[in-house]
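Asker: Supplied structure: start_22.txt, compact mmCIF, C-alpha atoms and all ligand atoms.
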```txt
# COMPACT_ATOMS: atom_id res chain seq x y z
CA MET A 24 -54.54 75.93 1.07
CA ILE A 25 -56.62 73.16 2.59
CA ILE A 26 -57.78 70.44 0.22
CA ASP A 27 -60.31 67.80 1.21
CA CYS A 28 -59.51 64.81 -1.02
CA HIS A 29 -62.72 62.91 -0.34
CA GLY A 30 -66.18 64.39 -0.88
CA HIS A 31 -69.26 62.94 -2.57
CA TYR A 32 -72.26 64.62 -4.15
CA THR A 33 -74.63 63.30 -1.50
CA THR A 34 -76.86 66.36 -1.83
CA ALA A 35 -77.63 65.97 -5.55
CA PRO A 36 -81.12 67.03 -6.67
CA LYS A 37 -83.86 64.47 -5.95
CA SER A 38 -84.59 64.00 -9.64
CA LEU A 39 -81.29 62.11 -9.95
CA GLU A 40 -82.51 59.43 -7.53
CA THR A 41 -85.90 59.33 -9.26
CA PHE A 42 -84.14 58.70 -12.55
CA ARG A 43 -82.06 55.93 -10.97
CA GLN A 44 -85.16 54.27 -9.54
CA ARG A 45 -86.78 54.33 -12.97
CA GLN A 46 -83.61 52.86 -14.44
CA ILE A 47 -83.79 50.04 -11.86
CA ASP A 48 -87.51 49.51 -12.54
CA GLY A 49 -86.64 49.33 -16.23
CA LEU A 50 -84.47 46.27 -15.58
CA LYS A 51 -87.62 44.33 -14.74
CA ASP A 52 -89.89 45.95 -17.30
CA ALA A 53 -88.13 47.63 -20.23
CA ARG A 54 -91.15 49.85 -20.84
CA LEU A 55 -90.35 51.69 -17.59
CA ALA A 56 -86.72 52.44 -18.53
CA PRO A 57 -86.13 56.20 -18.80
CA ALA A 58 -84.45 57.80 -21.79
CA LYS A 59 -81.09 59.36 -20.90
CA ASP A 60 -82.24 62.82 -21.93
CA SER A 61 -85.34 62.59 -19.72
CA LEU A 62 -83.27 63.72 -16.73
CA ILE A 63 -83.18 67.51 -16.76
CA ILE A 64 -81.42 69.34 -13.93
CA GLY A 65 -80.98 73.11 -14.15
CA ASP A 66 -77.89 75.03 -13.06
CA ASP A 67 -79.89 76.73 -10.31
CA GLU A 68 -80.85 73.36 -8.86
CA ILE A 69 -77.19 72.37 -8.81
CA ARG A 70 -76.20 75.67 -7.21
CA ASP A 71 -78.85 75.27 -4.51
CA SER A 72 -77.80 71.69 -3.79
CA ILE A 73 -74.17 72.76 -3.31
CA GLU A 74 -74.44 76.16 -1.64
CA GLY A 75 -76.72 75.00 1.18
CA ALA A 76 -74.54 72.10 2.24
CA GLN A 77 -71.12 71.35 0.78
CA LEU A 78 -70.07 74.94 0.25
CA ARG A 79 -71.43 76.14 3.58
CA ILE A 80 -69.57 73.39 5.42
CA GLN A 81 -66.34 74.14 3.53
CA ARG A 82 -66.60 77.74 4.72
CA GLU A 83 -67.53 76.85 8.30
CA ARG A 84 -64.67 74.40 8.66
CA GLY A 85 -62.02 76.45 6.92
CA THR A 86 -61.35 74.19 3.95
CA ASP A 87 -60.80 75.59 0.47
CA LEU A 88 -61.44 72.87 -2.04
CA THR A 89 -62.93 69.38 -2.23
CA ILE A 90 -61.97 66.59 -4.60
CA PHE A 91 -65.48 65.64 -5.51
CA SER A 92 -67.08 62.47 -6.85
CA PRO A 93 -70.54 60.93 -7.24
CA ARG A 94 -72.22 59.50 -4.14
CA ALA A 95 -70.31 56.31 -3.35
CA GLY A 96 -73.26 54.38 -1.93
CA GLY A 97 -75.18 55.26 -5.08
CA MET A 98 -72.61 53.83 -7.54
CA GLY A 99 -74.45 50.51 -7.16
CA HIS A 100 -72.20 48.53 -9.47
CA HIS A 101 -74.07 45.35 -8.56
CA ILE A 102 -77.30 46.66 -10.13
CA GLY A 103 -78.11 45.54 -13.68
CA ASN A 104 -75.24 44.99 -16.10
CA ALA A 105 -72.45 46.87 -17.85
CA VAL A 106 -74.95 48.84 -19.93
CA THR A 107 -76.81 49.92 -16.77
CA SER A 108 -73.55 51.01 -15.16
CA ALA A 109 -72.35 52.85 -18.26
CA LEU A 110 -75.47 55.01 -18.49
CA TRP A 111 -75.60 55.68 -14.73
CA SER A 112 -71.89 56.48 -14.41
CA GLY A 113 -72.00 58.79 -17.40
CA ILE A 114 -74.89 60.75 -15.87
CA CYS A 115 -73.31 60.95 -12.39
CA ASN A 116 -69.93 62.04 -13.78
CA GLU A 117 -71.51 64.70 -15.96
CA LEU A 118 -73.23 66.15 -12.89
CA ILE A 119 -69.89 66.29 -11.04
CA HIS A 120 -68.43 68.08 -14.05
CA ARG A 121 -71.24 70.62 -13.91
CA VAL A 122 -70.63 71.24 -10.18
CA CYS A 123 -66.91 71.73 -10.84
CA THR A 124 -67.68 74.10 -13.73
CA LEU A 125 -70.09 76.17 -11.62
CA PHE A 126 -67.71 76.25 -8.63
CA PRO A 127 -64.21 75.92 -10.11
CA LYS A 128 -62.47 77.29 -7.02
CA ASN A 129 -64.19 74.87 -4.65
CA PHE A 130 -64.45 71.52 -6.44
CA VAL A 131 -62.29 69.33 -8.65
CA GLY A 132 -63.75 66.16 -10.12
CA VAL A 133 -63.07 62.49 -9.63
CA CYS A 134 -65.13 59.97 -11.58
CA GLN A 135 -67.16 56.90 -10.82
CA LEU A 136 -66.25 53.97 -13.09
CA PRO A 137 -68.91 51.93 -14.92
CA GLN A 138 -67.91 48.67 -13.23
CA SER A 139 -70.07 45.55 -13.15
CA PRO A 140 -69.44 42.21 -11.41
CA GLY A 141 -67.69 39.79 -13.74
CA VAL A 142 -67.06 42.42 -16.42
CA PRO A 143 -63.35 43.08 -17.05
CA PRO A 144 -62.30 46.51 -15.69
CA ALA A 145 -60.87 47.30 -19.14
CA ASN A 146 -64.48 48.09 -19.93
CA CYS A 147 -64.13 51.26 -17.80
CA ILE A 148 -61.25 52.77 -19.76
CA ALA A 149 -63.34 54.83 -22.19
CA GLU A 150 -65.28 56.55 -19.38
CA LEU A 151 -62.08 57.19 -17.41
CA GLU A 152 -60.45 58.77 -20.46
CA ARG A 153 -63.53 60.84 -21.20
CA CYS A 154 -63.66 62.20 -17.64
CA VAL A 155 -59.94 63.00 -17.47
CA ASN A 156 -59.51 64.37 -20.97
CA GLU A 157 -62.83 66.11 -21.53
CA TYR A 158 -63.87 67.06 -17.99
CA GLY A 159 -60.44 67.63 -16.47
CA PHE A 160 -61.02 65.11 -13.68
CA ILE A 161 -57.93 64.21 -11.67
CA GLY A 162 -58.68 60.66 -10.49
CA CYS A 163 -61.28 57.95 -10.13
CA ASN A 164 -63.00 55.83 -7.52
CA LEU A 165 -62.27 52.15 -8.00
CA ASN A 166 -64.59 49.59 -6.43
CA PRO A 167 -62.64 46.48 -5.34
CA ASP A 168 -65.96 44.60 -4.96
CA PRO A 169 -68.53 45.53 -7.64
CA SER A 170 -70.76 42.72 -6.33
CA GLY A 171 -71.64 44.80 -3.26
CA GLY A 172 -70.45 42.59 -0.43
CA TYR A 173 -69.91 39.16 -2.00
CA TRP A 174 -66.38 39.68 -3.40
CA THR A 175 -66.96 37.68 -6.57
CA ASP A 176 -64.29 39.46 -8.65
CA PRO A 177 -60.53 38.73 -8.52
CA PRO A 178 -58.36 40.66 -6.01
CA LEU A 179 -57.04 44.07 -7.04
CA THR A 180 -53.62 42.53 -7.66
CA ASP A 181 -54.92 40.13 -10.34
CA ARG A 182 -54.03 40.71 -13.98
CA TYR A 183 -57.77 41.10 -14.56
CA TRP A 184 -57.32 44.73 -13.44
CA TYR A 185 -54.09 45.45 -15.34
CA PRO A 186 -55.51 47.10 -18.48
CA LEU A 187 -57.23 49.69 -16.28
CA TYR A 188 -54.03 50.22 -14.29
CA GLU A 189 -52.09 50.76 -17.52
CA LYS A 190 -54.51 53.55 -18.36
CA LEU A 191 -54.30 55.07 -14.86
CA VAL A 192 -50.51 55.15 -15.20
CA GLU A 193 -50.67 56.58 -18.71
CA LEU A 194 -53.08 59.33 -17.62
CA ASP A 195 -51.11 59.79 -14.37
CA VAL A 196 -54.23 59.70 -12.18
CA PRO A 197 -54.69 57.82 -8.89
CA ALA A 198 -57.62 55.68 -7.82
CA MET A 199 -59.36 55.90 -4.49
CA VAL A 200 -60.32 52.38 -3.43
CA HIS A 201 -64.00 52.79 -2.63
CA VAL A 202 -66.75 50.21 -2.35
CA SER A 203 -70.40 51.11 -2.87
CA ALA A 204 -73.56 49.87 -1.17
CA SER A 205 -73.65 46.47 0.51
CA CYS A 206 -76.28 44.00 -0.60
CA ASN A 207 -75.02 41.42 1.88
CA PRO A 208 -77.10 41.86 5.05
CA ALA A 209 -74.11 40.71 7.12
CA PHE A 210 -72.26 43.94 6.27
CA HIS A 211 -73.63 47.34 7.20
CA PHE A 212 -72.54 49.50 4.30
CA THR A 213 -70.68 52.42 5.86
CA GLY A 214 -69.96 50.71 9.20
CA ALA A 215 -68.61 47.38 7.97
CA HIS A 216 -68.49 47.08 4.17
CA TYR A 217 -66.51 50.31 3.69
CA ILE A 218 -63.98 49.44 6.37
CA ASN A 219 -63.74 45.86 5.08
CA GLY A 220 -63.08 47.17 1.58
CA ASP A 221 -60.27 49.43 2.76
CA THR A 222 -58.64 46.75 4.88
CA THR A 223 -59.03 44.05 2.24
CA ALA A 224 -57.44 46.16 -0.48
CA PHE A 225 -54.38 46.81 1.67
CA MET A 226 -53.95 43.12 2.48
CA GLN A 227 -54.30 42.29 -1.22
CA PHE A 228 -51.46 44.71 -1.96
CA ILE A 229 -49.29 42.99 0.68
CA SER A 230 -50.01 39.54 -0.74
CA ALA A 231 -48.74 40.29 -4.26
CA ASP A 232 -46.16 42.37 -6.11
CA LEU A 233 -48.44 44.73 -7.99
CA PHE A 234 -46.16 47.75 -7.64
CA LYS A 235 -43.23 45.89 -9.20
CA ASP A 236 -45.35 45.82 -12.35
CA PHE A 237 -46.70 49.36 -11.82
CA PRO A 238 -44.13 51.38 -9.87
CA THR A 239 -45.99 54.67 -10.40
CA LEU A 240 -49.54 53.43 -9.80
CA ARG A 241 -51.13 55.18 -6.80
CA PHE A 242 -54.07 54.28 -4.58
CA VAL A 243 -55.71 56.27 -1.83
CA ILE A 244 -57.30 54.04 0.79
CA PRO A 245 -60.04 56.08 2.43
CA HIS A 246 -61.61 56.05 5.88
CA GLY A 247 -58.19 56.26 7.47
CA GLY A 248 -57.12 53.00 5.82
CA GLY A 249 -59.84 50.90 7.48
CA ALA A 250 -58.30 48.71 10.16
CA VAL A 251 -54.79 49.01 8.73
CA PRO A 252 -53.11 51.71 10.85
CA TYR A 253 -54.56 50.24 14.07
CA HIS A 254 -53.16 46.83 13.14
CA TRP A 255 -49.95 48.06 11.53
CA GLY A 256 -47.89 45.57 13.54
CA ARG A 257 -49.99 42.69 12.24
CA TYR A 258 -49.52 43.82 8.64
CA ARG A 259 -45.80 44.41 9.08
CA GLY A 260 -45.49 40.95 10.62
CA LEU A 261 -47.54 39.26 7.89
CA ALA A 262 -45.45 40.95 5.21
CA GLN A 263 -42.29 39.85 7.00
CA ASP A 264 -43.52 36.23 7.20
CA MET A 265 -44.25 36.34 3.48
CA GLY A 266 -40.67 37.44 2.78
CA LYS A 267 -41.75 40.90 1.61
CA PRO A 268 -39.68 44.06 2.17
CA PRO A 269 -40.62 46.36 5.07
CA LEU A 270 -44.04 47.93 4.34
CA LYS A 271 -42.55 51.39 4.17
CA ASP A 272 -40.42 50.38 1.17
CA PHE A 273 -42.87 47.85 -0.22
CA LEU A 274 -46.12 49.85 -0.36
CA LEU A 275 -45.77 53.41 0.83
CA ASN A 276 -44.57 54.79 -2.50
CA ASN A 277 -47.92 53.75 -3.93
CA VAL A 278 -50.50 53.62 -1.15
CA TYR A 279 -51.90 56.62 0.73
CA PHE A 280 -54.48 57.03 3.49
CA ASP A 281 -57.04 59.73 4.07
CA THR A 282 -58.15 61.24 7.40
CA CYS A 283 -61.83 60.22 7.42
CA VAL A 284 -61.52 58.99 11.00
CA TYR A 285 -64.09 60.55 13.26
CA HIS A 286 -62.43 60.93 16.63
CA GLN A 287 -59.24 62.43 18.07
CA ALA A 288 -57.68 59.16 19.27
CA GLY A 289 -58.07 57.67 15.79
CA ILE A 290 -56.33 60.61 14.12
CA ASP A 291 -53.64 60.54 16.81
CA LEU A 292 -52.95 56.90 16.00
CA LEU A 293 -53.04 57.45 12.22
CA THR A 294 -50.50 60.27 12.42
CA LYS A 295 -48.23 58.27 14.74
CA VAL A 296 -48.24 55.10 12.65
CA ILE A 297 -48.41 56.34 9.05
CA PRO A 298 -45.77 58.81 7.79
CA ALA A 299 -47.08 62.31 7.04
CA ASP A 300 -45.95 61.75 3.44
CA ASN A 301 -48.75 59.19 3.08
CA ILE A 302 -51.68 60.99 4.74
CA LEU A 303 -54.15 63.15 2.82
CA PHE A 304 -56.66 65.38 4.56
CA ALA A 305 -60.29 64.37 4.01
CA SER A 306 -63.61 64.49 5.79
CA GLU A 307 -66.09 62.84 3.39
CA ILE A 308 -68.69 65.55 3.85
CA VAL A 309 -71.67 65.36 3.58
CA GLY A 310 -71.29 61.72 4.27
CA ALA A 311 -71.47 58.67 6.40
CA VAL A 312 -71.72 60.19 9.87
CA ARG A 313 -73.62 63.44 10.09
CA GLY A 314 -74.21 64.00 13.79
CA ILE A 315 -72.56 65.97 16.58
CA ASP A 316 -70.35 64.14 19.06
CA PRO A 317 -71.84 64.83 22.50
CA GLU A 318 -68.41 64.32 24.06
CA THR A 319 -66.89 67.23 22.12
CA GLY A 320 -69.85 69.28 20.94
CA HIS A 321 -68.45 69.17 17.38
CA TYR A 322 -69.45 67.27 14.27
CA TYR A 323 -67.83 63.84 14.10
CA ASP A 324 -66.75 64.51 10.51
CA ASP A 325 -65.09 67.85 11.30
CA THR A 326 -61.73 66.13 10.83
CA LYS A 327 -59.63 69.27 10.40
CA ARG A 328 -60.20 69.98 14.08
CA TYR A 329 -58.53 66.69 15.06
CA ILE A 330 -55.49 67.25 12.85
CA ASP A 331 -55.09 70.78 14.20
CA LYS A 332 -54.85 69.25 17.68
CA VAL A 333 -52.04 66.79 16.88
CA ASP A 334 -49.13 68.65 18.42
CA TRP A 335 -46.31 66.38 17.17
CA LEU A 336 -46.89 67.28 13.53
CA SER A 337 -44.40 69.82 12.21
CA ALA A 338 -45.52 72.74 10.03
CA ALA A 339 -44.06 70.88 7.05
CA ASP A 340 -46.05 67.72 7.94
CA ARG A 341 -49.26 69.72 8.20
CA GLU A 342 -48.65 71.31 4.83
CA LYS A 343 -48.18 67.84 3.31
CA ILE A 344 -51.38 66.49 4.89
CA PHE A 345 -53.51 69.50 4.00
CA SER A 346 -52.34 70.05 0.43
CA GLY A 347 -48.80 68.98 -0.49
CA ASN A 348 -49.58 65.29 -0.75
CA VAL A 349 -52.57 65.98 -3.00
CA ARG A 350 -50.24 67.73 -5.43
CA LYS A 351 -47.98 64.66 -5.36
CA VAL A 352 -50.67 61.96 -5.58
CA TYR A 353 -52.89 63.87 -8.03
CA PRO A 354 -50.40 65.54 -10.42
CA ARG A 355 -53.25 66.75 -12.59
CA PHE A 356 -54.39 68.87 -9.67
CA ALA A 357 -51.06 70.66 -9.61
CA ALA A 358 -51.11 71.05 -13.40
CA ARG A 359 -54.61 72.49 -13.24
CA ALA A 360 -53.66 74.89 -10.43
CA ALA A 361 -50.66 76.11 -12.44
CA GLN A 362 -52.87 77.12 -15.38
ZN ZN B 401 -66.43 58.08 0.37
```
As structure tokens, please, write out the structure in this file.

Answerer:
Amino acid sequence: MIIDCHGHYTTAPKSLETFRQRQIDGLKDARLAPAKDSLIIGDDEIRDSIEGAQLRIQRERGTDLTIFSPRAGGMGHHIGNAVTSALWSGICNELIHRVCTLFPKNFVGVCQLPQSPGVPPANCIAELERCVNEYGFIGCNLNPDPSGGYWTDPPLTDRYWYPLYEKLVELDVPAMVHVSASCNPAFHFTGAHYINGDTTAFMQFISADLFKDFPTLRFVIPHGGGAVPYHWGRYRGLAQDMGKPPLKDFLLNNVYFDTCVYHQAGIDLLTKVIPADNILFASEIVGAVRGIDPETGHYYDDTKRYIDKVDWLSAADREKIFSGNVRKVYPRFAARAAQ
């Protein structure tokens, strides 16, 4: 079985975006704010939005199932306040639940959290519990920078985040570290802000002792871990200078990387530097980079093709990358599959 651990509902019906725009307009003029029940999306609309894109691509690329969450760029935690984020997250998560209910063999849900800059993450616990317990979701996306490029909240290792971590541990679900849109013009959102977010989270983990306090807490760092695998020597050296244990012992029981790296040399490096036990297959379709690479004639985000070409991976390593590690990192996936 081939499981893509990182997919977003980027093809959601247009009325979702219209609703969001009205919600944003309503922040300036309350008379424009839409009622929650004014958004009506039929099952057929959801089917059409999935079958034409996500499902077709799954079939074409030979993957079986996608761990699916709301569009990351659309989370927009910097917009409005906690009430804005609560309504928007609830709507987006419900749509993911409906996709997973309509296509139970192809999608399993992961939720967006109703974060807001300056609002303690404990505020997200109720929505996380609702999504896991009522919808059967198996994880969440956690934004390390709800400000959208200004990094105004404490680092992920600060006690500010601990109540949410306690709930993640209790529910036994991991978090994918995933920023949303950038409102800082210095950072292109998918080209710089995303990669910054991934890299920054890893360095935050090195700088503290978070996993002493939470030995079973698990994070997936997407986009191949940002700059981390490429600069593994730098991070090992920094950890060493700080008197930390070797990274393998210090972080790799808790931190995992996906394969959303869009060229062969990048995947080659990832699989040489990071142990197969810590790599999860992902492509982030339909996502950040949608074109065809003229050098190969294949889609940049057809990441399975790159992994298939890595000849030093054993059959056991491949099995871990394509599905075994998901069962380990997302135990609720395994529990669901066993039902
Ligand atoms: Zn993503």

Asker: Using all atoms listed in the file, can you tell me which of A:Gly65, A:Asp236, A:Gln227, A:Asp300 comes closest to A:Glu342?

Answerer: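 The closest residue to A:Glu342 is A:Asp300.
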
Asker: Determine the nearest neighbour of ligand ZN 401 (chain B) from the options A:Val278, A:Ile90, A:Leu125, A:Ala224, counting only C-alpha atoms and all ligand atoms.

Answerer: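 Ranked by minimum distance to ligand ZN 401 (chain B), first place goes to A:Ile90.
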
Asker: Using all atoms listed in the file, determine which residues fall within 9 Å of ligand ZN 401 (chain B), then list them as a ChimeraX atom specification.

Answerer: /A:29-31,92,94-96,164,199,201-203,213,217,245-246,283,306-308,310-311

Asker: To one decimal place in Å, what is the distance between atom CA of A:Cys115 and atom CA of A:Gln135?

Answerer: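 Separation between atom CA of A:Cys115 and atom CA of A:Gln135: 7.5 Å.
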
Asker: Which residue is closest to A:Arg70? Choose from A:Asp176, A:His100, A:Pro57, A:Phe126 and count only C-alpha atoms.

Answerer: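 When distances to A:Arg70 are compared using only C-alpha atoms, the smallest one comes from A:Phe126.
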
Asker: Would you mind reading off the distance between atom CA of A:Val131 and atom CA of A:Met24, one decimal, in Å?

Answerer: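 Between atom CA of A:Val131 and atom CA of A:Met24 the gap works out to 14.1 Å.
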
Asker: Which residue out of A:Gly159, A:Gly220, A:Pro238, A:Gly172 has the minimum interatomic distance to A:Val192 when all atoms listed in the file are used?

Answerer: A:Pro238

Asker: I need the residue nearest A:Ala35 from this list: A:Val309, A:Met265, A:Ala215, A:Val243. Use only C-alpha atoms for the distance.

Answerer: A:Val309

Asker: One decimal, in Å: what's the spacing between atom CA of A:Asp221 and atom CA of A:Asn166?

Answerer: 10.2 Å

Asker: Missing atoms in stretch 126-137 of chain A should be modelled up to all heavy atoms and reported as a PDB file, in the frame of the given file.

Answerer:
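Dumped everything to rebuild.pdb:
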```pdb
ATOM      1  N   PHE A 126     -68.500  75.844  -9.805  1.00  0.00           N
ATOM      2  CA  PHE A 126     -67.710  76.250  -8.630  1.00  0.00           C
ATOM      3  C   PHE A 126     -66.247  75.830  -8.802  1.00  0.00           C
ATOM      4  O   PHE A 126     -65.741  74.989  -8.052  1.00  0.00           O
ATOM      5  CB  PHE A 126     -68.284  75.603  -7.357  1.00  0.00           C
ATOM      6  CG  PHE A 126     -69.712  75.964  -7.076  1.00  0.00           C
ATOM      7  CD1 PHE A 126     -70.748  75.138  -7.478  1.00  0.00           C
ATOM      8  CD2 PHE A 126     -70.018  77.150  -6.409  1.00  0.00           C
ATOM      9  CE1 PHE A 126     -72.074  75.477  -7.216  1.00  0.00           C
ATOM     10  CE2 PHE A 126     -71.341  77.488  -6.136  1.00  0.00           C
ATOM     11  CZ  PHE A 126     -72.371  76.655  -6.548  1.00  0.00           C
ATOM     12  N   PRO A 127     -65.559  76.422  -9.774  1.00  0.00           N
ATOM     13  CA  PRO A 127     -64.210  75.920 -10.110  1.00  0.00           C
ATOM     14  C   PRO A 127     -63.182  76.125  -8.999  1.00  0.00           C
ATOM     15  O   PRO A 127     -62.183  75.419  -8.964  1.00  0.00           O
ATOM     16  CB  PRO A 127     -63.843  76.725 -11.365  1.00  0.00           C
ATOM     17  CG  PRO A 127     -64.714  77.929 -11.332  1.00  0.00           C
ATOM     18  CD  PRO A 127     -65.983  77.535 -10.638  1.00  0.00           C
ATOM     19  N   LYS A 128     -63.438  77.061  -8.106  1.00  0.00           N
ATOM     20  CA  LYS A 128     -62.470  77.290  -7.020  1.00  0.00           C
ATOM     21  C   LYS A 128     -62.678  76.302  -5.877  1.00  0.00           C
ATOM     22  O   LYS A 128     -61.797  76.140  -5.040  1.00  0.00           O
ATOM     23  CB  LYS A 128     -62.636  78.708  -6.468  1.00  0.00           C
ATOM     24  CG  LYS A 128     -62.203  79.784  -7.443  1.00  0.00           C
ATOM     25  CD  LYS A 128     -61.977  81.096  -6.693  1.00  0.00           C
ATOM     26  CE  LYS A 128     -61.313  82.119  -7.586  1.00  0.00           C
ATOM     27  NZ  LYS A 128     -62.261  83.120  -8.083  1.00  0.00           N
ATOM     28  N   ASN A 129     -63.851  75.689  -5.815  1.00  0.00           N
ATOM     29  CA  ASN A 129     -64.190  74.870  -4.650  1.00  0.00           C
ATOM     30  C   ASN A 129     -64.215  73.366  -4.886  1.00  0.00           C
ATOM     31  O   ASN A 129     -64.161  72.593  -3.931  1.00  0.00           O
ATOM     32  CB  ASN A 129     -65.569  75.281  -4.116  1.00  0.00           C
ATOM     33  CG  ASN A 129     -65.597  76.742  -3.737  1.00  0.00           C
ATOM     34  OD1 ASN A 129     -66.015  77.588  -4.534  1.00  0.00           O
ATOM     35  ND2 ASN A 129     -65.111  77.059  -2.561  1.00  0.00           N
ATOM     36  N   PHE A 130     -64.319  72.964  -6.160  1.00  0.00           N
ATOM     37  CA  PHE A 130     -64.450  71.520  -6.440  1.00  0.00           C
ATOM     38  C   PHE A 130     -63.622  71.124  -7.649  1.00  0.00           C
ATOM     39  O   PHE A 130     -63.586  71.838  -8.646  1.00  0.00           O
ATOM     40  CB  PHE A 130     -65.916  71.145  -6.695  1.00  0.00           C
ATOM     41  CG  PHE A 130     -66.814  71.399  -5.513  1.00  0.00           C
ATOM     42  CD1 PHE A 130     -67.531  72.594  -5.419  1.00  0.00           C
ATOM     43  CD2 PHE A 130     -66.921  70.471  -4.494  1.00  0.00           C
ATOM     44  CE1 PHE A 130     -68.350  72.855  -4.325  1.00  0.00           C
ATOM     45  CE2 PHE A 130     -67.728  70.723  -3.387  1.00  0.00           C
ATOM     46  CZ  PHE A 130     -68.431  71.917  -3.299  1.00  0.00           C
ATOM     47  N   VAL A 131     -62.968  69.960  -7.516  1.00  0.00           N
ATOM     48  CA  VAL A 131     -62.290  69.330  -8.650  1.00  0.00           C
ATOM     49  C   VAL A 131     -62.825  67.900  -8.733  1.00  0.00           C
ATOM     50  O   VAL A 131     -63.024  67.246  -7.707  1.00  0.00           O
ATOM     51  CB  VAL A 131     -60.761  69.331  -8.450  1.00  0.00           C
ATOM     52  CG1 VAL A 131     -60.073  68.620  -9.596  1.00  0.00           C
ATOM     53  CG2 VAL A 131     -60.240  70.745  -8.336  1.00  0.00           C
ATOM     54  N   GLY A 132     -63.032  67.423  -9.956  1.00  0.00           N
ATOM     55  CA  GLY A 132     -63.750  66.160 -10.120  1.00  0.00           C
ATOM     56  C   GLY A 132     -62.919  64.896 -10.080  1.00  0.00           C
ATOM     57  O   GLY A 132     -61.747  64.874 -10.477  1.00  0.00           O
ATOM     58  N   VAL A 133     -63.567  63.864  -9.597  1.00  0.00           N
ATOM     59  CA  VAL A 133     -63.070  62.490  -9.630  1.00  0.00           C
ATOM     60  C   VAL A 133     -64.244  61.644 -10.107  1.00  0.00           C
ATOM     61  O   VAL A 133     -65.383  61.888  -9.698  1.00  0.00           O
ATOM     62  CB  VAL A 133     -62.577  62.061  -8.233  1.00  0.00           C
ATOM     63  CG1 VAL A 133     -62.646  60.561  -8.051  1.00  0.00           C
ATOM     64  CG2 VAL A 133     -61.164  62.555  -7.971  1.00  0.00           C
ATOM     65  N   CYS A 134     -63.992  60.671 -10.983  1.00  0.00           N
ATOM     66  CA  CYS A 134     -65.130  59.970 -11.580  1.00  0.00           C
ATOM     67  C   CYS A 134     -65.452  58.638 -10.912  1.00  0.00           C
ATOM     68  O   CYS A 134     -64.608  58.028 -10.257  1.00  0.00           O
ATOM     69  CB  CYS A 134     -64.908  59.746 -13.078  1.00  0.00           C
ATOM     70  SG  CYS A 134     -63.535  58.676 -13.502  1.00  0.00           S
ATOM     71  N   GLN A 135     -66.684  58.244 -11.137  1.00  0.00           N
ATOM     72  CA  GLN A 135     -67.160  56.900 -10.820  1.00  0.00           C
ATOM     73  C   GLN A 135     -66.909  56.067 -12.081  1.00  0.00           C
ATOM     74  O   GLN A 135     -67.070  56.563 -13.188  1.00  0.00           O
ATOM     75  CB  GLN A 135     -68.652  57.025 -10.497  1.00  0.00           C
ATOM     76  CG  GLN A 135     -69.514  55.843 -10.748  1.00  0.00           C
ATOM     77  CD  GLN A 135     -70.990  56.170 -10.428  1.00  0.00           C
ATOM     78  OE1 GLN A 135     -71.306  57.109  -9.710  1.00  0.00           O
ATOM     79  NE2 GLN A 135     -71.886  55.394 -10.990  1.00  0.00           N
ATOM     80  N   LEU A 136     -66.506  54.814 -11.923  1.00  0.00           N
ATOM     81  CA  LEU A 136     -66.250  53.970 -13.090  1.00  0.00           C
ATOM     82  C   LEU A 136     -67.463  53.061 -13.335  1.00  0.00           C
ATOM     83  O   LEU A 136     -68.104  52.601 -12.387  1.00  0.00           O
ATOM     84  CB  LEU A 136     -65.000  53.121 -12.874  1.00  0.00           C
ATOM     85  CG  LEU A 136     -63.687  53.907 -12.747  1.00  0.00           C
ATOM     86  CD1 LEU A 136     -62.535  52.961 -12.374  1.00  0.00           C
ATOM     87  CD2 LEU A 136     -63.363  54.648 -14.038  1.00  0.00           C
ATOM     88  N   PRO A 137     -67.741  52.776 -14.600  1.00  0.00           N
ATOM     89  CA  PRO A 137     -68.910  51.930 -14.920  1.00  0.00           C
ATOM     90  C   PRO A 137     -68.592  50.449 -14.738  1.00  0.00           C
ATOM     91  O   PRO A 137     -68.665  49.665 -15.675  1.00  0.00           O
ATOM     92  CB  PRO A 137     -69.186  52.283 -16.381  1.00  0.00           C
ATOM     93  CG  PRO A 137     -67.865  52.686 -16.932  1.00  0.00           C
ATOM     94  CD  PRO A 137     -67.100  53.326 -15.802  1.00  0.00           C
TER      95      PRO A 137
END
```
